[in-house]
Amino acid sequence: MAASKPLNLLDLSFVLMDTRQTPMHVAGLQTFLPPPGAPRDFPKQVYEYLRSFPVTAPPFNYRLRGVRPGHLLPSFEEVEKVDLEYHLRHSALPFPGGERELGVLVSRLHSNPMDLDRPLWEMHLIEGLHGGRFAMYGKLHHSLADGVRGVELLNFSEDPRKSHTPPIWAQERKNKARRDHLPVGALGMLQSMLTNQARALPSLLRGLAGSATAALGVKSDPDFTSLAETPRTIFNDSITPQRRVATQSTSMARMKTIGEAAGGSINDVLLAACGQALRRYLLEFGELPERSLVASVPVAIQKDDSEAGGNAISFANVKLGTELEDVRERFEMIRRSSVAGRDYLKQMTTTALITYTVLISSPQMLTRLPGLASHVPPIYNVIISNVPGPRRKLYFLGAEMEAYYPISALAHGQALNITVMSYAGGLYFGFTACPDRVPRVQRIAVYMGEALDELEQVFVGKAGKRGAGRKRGKAAGKAVAAGSQTKAVARKKAARTSAPEKASGRKSRAAKSTKRKSSRRK
């Protein structure tokens, strides 16, 4: 009989929230440059190489059990033989194999739920990208990994000559936990969980008490953002199963330069750019609330390796200053709010933080019931996550990984997610949205790029902007829209032209043409 592996409370919440409308998987989209002199069928060779490795490594050989009624507590169990043909897929893009075609396919793949009776992962090798490039889209259930854990699972090499490495599902990893001390059976797991919770109770009560008093208006730190300060927006409604994905990118050097000039961190610059992009997007739809939007920012905490799950995160609420027009005022509000939120979490232990996160997110759990998302007060408007990724270029079978875009999960009451991954000196933004609640999500990606331009101009100045532009190179201003036009980034001046202005221009040209024709007839 396979050994059971417990889930912590946060992992369990992701399992319980998984429905057809809210599939709880996260994903990564990586694009690759073929090695010099590679044959035309190189992507097929990569696929055949991947197929040659059986599934042997956790968590790719984990399967959920106990999810059905009648079981005391869900857990993971190891599967001796995994059907690789089901989990590894091979796809090709239609001509011309551009970013738009890739975005359409990835959006469709990300909309599909996972089979909870199988190990909770898929890997799609996608060929047909322009220039002989190919992509990998891999998704994993959120109960198995958060963003940081997902990066740790990567098994690519920094040396192209040594990049014939096993795929992630065949790479054995050392487990720091002492398995002989793990509790056996549901009763043992429940007893261990209750013991850990009892030890963390004083720390947990302090955290909950502080949040409760802050919600009532009594704060020890005036910059701390309580759960009661979040306005309702179009992002905070029930969602449908469909997903759309858009991307953007810039350089770490550029973000660092802006942060240093503004007196904040790279994360502050990220949140400020998001705040400006969301402000502009909501203004266009006439949906900008009078109060500031609130972002839920994941904060990594120490993980207990004895658990099968991969989530060790809590969340800090941060005001985005969307009610403020002035860029400097907005940035300062974000900086102070971010510091206060992170400092508040530091007073709790790891176990207490996980329980605290589940408890304050309980309204989100209630929205699992159909129709409740529009009635439950939102505790945040959007999740904005910054995940540290590999610092150096990575290679697989000699092919260079040129970009790494994170794609996240959505839930009722949370129709938009923004996740950012750092990789080899670049920052890669993934915007995941429900298109029925957040139409034309690619606009937010474009506005994000223009918000960074504005921050750079305000804090660094024109000379700094030109210098940073040279460093950005090809990474700057790249946006991939999912299922709609994506060339707007390359035509920013045209994008700034309003529809009425364009229509007026067309009418003027048409009038002149009619006048010329009339003159000829006379």
# chains A, B, ... in the order shown; residues from 1 in each chain; ligands from 1
$ residues_around --residues "stretch 295-299 of chain A" --least-positions-apart "3" --cutoff "7 Å" --atoms "only C-alpha atoms" --output "MDAnalysis selection string"
chainID A and resid 313:320 380:385
$ select_by_dssp --residues "stretch 361-421 of chain A" --states "alpha helix (DSSP H)" --output "PyMOL selection string"
chain A and resi 362-366
$ closest_residue --among "A:Leu93, A:Val245, A:Leu144, A:Ala399" --to "A:Lys5" --atoms "only C-alpha atoms"
A:Leu144
$ select_by_dssp --residues "stretch 86-244 of chain A" --states "strand (DSSP E)" --output "VMD selection string"
chain A and resid 88 to 92 121 to 127 134 to 141 244
$ residues_around --residues "A:Leu205" --least-positions-apart "2" --cutoff "12 Å" --atoms "only C-alpha atoms" --output "number ranges by chain"
A: 197-203, 207-212, 347-349, 352-353, 355-356, 359
$ atom_distance --atom1 "atom CA of A:Glu325" --atom2 "atom CA of A:Ser292"
11.4 Å
